[in-house]
Amino acid sequence: MLRTRRTGNGQVQFTLSGRIETTEDIEQLQQLLGVERSGQQLILDLRDVTLVNQDAVKFLRSCEADGIKLENCPLHVRRWIDQVKDQLRRRRL
């Protein structure tokens, strides 16, 4: 399930809940993020996300790299994202 909430100060917040584990889940999120106007702060609220797979973690890492803010990220997801970041950093060296 995907819930969205827009704030009045130039931010768009997407509140995600449940699982992000299929290609279709990621494609749906990409489409939603892609239609937003540039210049707006995009936020993904992950408080109610219960399960992610490796592709979802890579997607969330790329969102963050593109300036999308990840709020209320569950600790296990945050650690996994950070591991992916560290692996990419080590490959570049």
# chains A, B, ... in the order shown; residues from 1 in each chain; ligands from 1

$ select_by_dssp --residues "chain A" --states "helix (DSSP H, G or I)" --output "PyMOL selection string"
chain A and resi 23-34+54-65+75-92

$ write_last_selection --atoms "N, CA and C atoms" --output "short mmCIF file (atom, residue, chain, number, x, y, z; two decimals), in the first residue's frame"
data_model
loop_
_atom_site.label_atom_id
_atom_site.label_comp_id
_atom_site.auth_asym_id
_atom_site.auth_seq_id
_atom_site.Cartn_x
_atom_site.Cartn_y
_atom_site.Cartn_z
N THR A 23 9.59 -5.93 -8.57
CA THR A 23 9.95 -4.98 -9.61
C THR A 23 8.81 -3.98 -9.82
N GLU A 24 7.58 -4.47 -9.73
CA GLU A 24 6.42 -3.60 -9.92
C GLU A 24 6.34 -2.54 -8.82
N ASP A 25 6.68 -2.91 -7.58
CA ASP A 25 6.68 -1.94 -6.49
C ASP A 25 7.65 -0.80 -6.79
N ILE A 26 8.84 -1.17 -7.21
CA ILE A 26 9.88 -0.18 -7.49
C ILE A 26 9.50 0.67 -8.70
N GLU A 27 8.96 0.04 -9.73
CA GLU A 27 8.53 0.79 -10.92
C GLU A 27 7.43 1.78 -10.58
N GLN A 28 6.50 1.38 -9.72
CA GLN A 28 5.43 2.28 -9.31
C GLN A 28 6.01 3.49 -8.58
N LEU A 29 6.94 3.27 -7.70
CA LEU A 29 7.56 4.38 -6.98
C LEU A 29 8.33 5.28 -7.94
N GLN A 30 9.05 4.70 -8.88
CA GLN A 30 9.79 5.50 -9.86
C GLN A 30 8.84 6.38 -10.66
N GLN A 31 7.71 5.85 -11.05
CA GLN A 31 6.73 6.62 -11.81
C GLN A 31 6.18 7.78 -10.99
N LEU A 32 5.84 7.49 -9.74
CA LEU A 32 5.31 8.55 -8.87
C LEU A 32 6.33 9.66 -8.65
N LEU A 33 7.56 9.27 -8.41
CA LEU A 33 8.61 10.27 -8.19
C LEU A 33 8.91 11.04 -9.47
N GLY A 34 8.80 10.36 -10.60
CA GLY A 34 9.13 10.98 -11.88
C GLY A 34 8.17 12.07 -12.33
N GLN A 54 16.80 -6.74 -1.95
CA GLN A 54 18.04 -6.08 -2.36
C GLN A 54 17.79 -5.00 -3.42
N ASP A 55 16.90 -5.26 -4.35
CA ASP A 55 16.60 -4.26 -5.38
C ASP A 55 15.97 -3.01 -4.76
N ALA A 56 15.11 -3.20 -3.77
CA ALA A 56 14.49 -2.06 -3.09
C ALA A 56 15.54 -1.24 -2.36
N VAL A 57 16.50 -1.90 -1.73
CA VAL A 57 17.57 -1.19 -1.02
C VAL A 57 18.40 -0.38 -2.00
N LYS A 58 18.73 -0.96 -3.14
CA LYS A 58 19.49 -0.22 -4.16
C LYS A 58 18.69 0.98 -4.66
N PHE A 59 17.39 0.79 -4.84
CA PHE A 59 16.52 1.88 -5.28
C PHE A 59 16.50 3.00 -4.23
N LEU A 60 16.33 2.64 -2.96
CA LEU A 60 16.30 3.65 -1.90
C LEU A 60 17.63 4.38 -1.79
N ARG A 61 18.74 3.67 -1.97
CA ARG A 61 20.05 4.31 -1.95
C ARG A 61 20.16 5.31 -3.09
N SER A 62 19.67 4.93 -4.27
CA SER A 62 19.75 5.85 -5.40
C SER A 62 18.83 7.06 -5.19
N CYS A 63 17.69 6.84 -4.57
CA CYS A 63 16.81 7.96 -4.25
C CYS A 63 17.53 8.95 -3.35
N GLU A 64 18.16 8.43 -2.33
CA GLU A 64 18.89 9.29 -1.39
C GLU A 64 20.03 10.02 -2.11
N ALA A 65 20.73 9.33 -3.00
CA ALA A 65 21.81 9.96 -3.77
C ALA A 65 21.28 11.07 -4.67
N LEU A 75 15.71 0.69 11.14
CA LEU A 75 17.14 0.50 11.37
C LEU A 75 17.74 -0.57 10.46
N HIS A 76 17.05 -1.67 10.29
CA HIS A 76 17.62 -2.74 9.44
C HIS A 76 17.74 -2.30 7.98
N VAL A 77 16.82 -1.48 7.53
CA VAL A 77 16.88 -0.96 6.16
C VAL A 77 18.01 0.07 6.06
N ARG A 78 18.13 0.94 7.04
CA ARG A 78 19.20 1.95 7.05
C ARG A 78 20.57 1.28 7.03
N ARG A 79 20.74 0.25 7.82
CA ARG A 79 22.03 -0.45 7.85
C ARG A 79 22.34 -1.07 6.49
N TRP A 80 21.34 -1.65 5.85
CA TRP A 80 21.53 -2.28 4.55
C TRP A 80 21.89 -1.23 3.50
N ILE A 81 21.21 -0.10 3.52
CA ILE A 81 21.52 1.00 2.59
C ILE A 81 22.96 1.45 2.80
N ASP A 82 23.36 1.61 4.05
CA ASP A 82 24.72 2.04 4.35
C ASP A 82 25.76 1.02 3.89
N GLN A 83 25.43 -0.26 4.00
CA GLN A 83 26.35 -1.30 3.50
C GLN A 83 26.53 -1.19 2.00
N VAL A 84 25.44 -0.95 1.28
CA VAL A 84 25.52 -0.79 -0.18
C VAL A 84 26.37 0.43 -0.52
N LYS A 85 26.17 1.53 0.21
CA LYS A 85 26.97 2.74 -0.02
C LYS A 85 28.45 2.45 0.19
N ASP A 86 28.78 1.75 1.28
CA ASP A 86 30.17 1.43 1.58
C ASP A 86 30.79 0.54 0.51
N GLN A 87 30.02 -0.43 0.02
CA GLN A 87 30.52 -1.31 -1.05
C GLN A 87 30.82 -0.51 -2.31
N LEU A 88 29.94 0.40 -2.66
CA LEU A 88 30.15 1.22 -3.85
C LEU A 88 31.37 2.13 -3.67
N ARG A 89 31.52 2.68 -2.49
CA ARG A 89 32.66 3.56 -2.20
C ARG A 89 33.97 2.78 -2.33
N ARG A 90 34.01 1.56 -1.79
CA ARG A 90 35.23 0.75 -1.85
C ARG A 90 35.56 0.38 -3.29
N ARG A 91 34.57 0.14 -4.12
CA ARG A 91 34.81 -0.23 -5.51
C ARG A 91 35.44 0.92 -6.28
N ARG A 92 35.10 2.14 -5.90
CA ARG A 92 35.63 3.32 -6.60
C ARG A 92 37.08 3.60 -6.25
#

$ residues_around --residues "region 50-53 of chain A" --least-positions-apart "5" --cutoff "7 Å" --atoms "only C-alpha atoms" --output "PDB file with C-alpha atoms, in the first residue's frame"
ATOM      1  CA  GLY A  18       4.128  -2.744   3.897  1.00  0.00           C
ATOM      2  CA  ARG A  19       6.589  -4.447   1.585  1.00  0.00           C
ATOM      3  CA  ILE A  20       8.803  -3.136  -1.188  1.00  0.00           C
ATOM      4  CA  GLU A  21       9.967  -6.319  -2.810  1.00  0.00           C
TER       5      GLU A  21
END

$ select_by_dssp --residues "chain A" --states "strand (DSSP E)" --output "JSON, numbers by chain"
{"A": [2, 3, 4, 5, 6, 11, 12, 13, 14, 15, 16, 17, 18, 19, 20, 41, 42, 43, 44, 45, 46, 47, 48, 49, 50, 51, 52, 69, 70, 71]}

$ closest_residue --among "A:Ser38, A:Thr22, A:Asn9, A:Asp45" --to "Pro74 (chain A)" --atoms "only C-alpha atoms"
A:Asp45

$ atom_distance --atom1 "CA of Leu44 (chain A)" --atom2 "CA of Gly10 (chain A)"
14.5 Å

$ closest_residue --among "A:Val35, A:Ser17, A:Cys73, A:Gly67" --to "Val49 (chain A)" --atoms "only C-alpha atoms"
A:Ser17
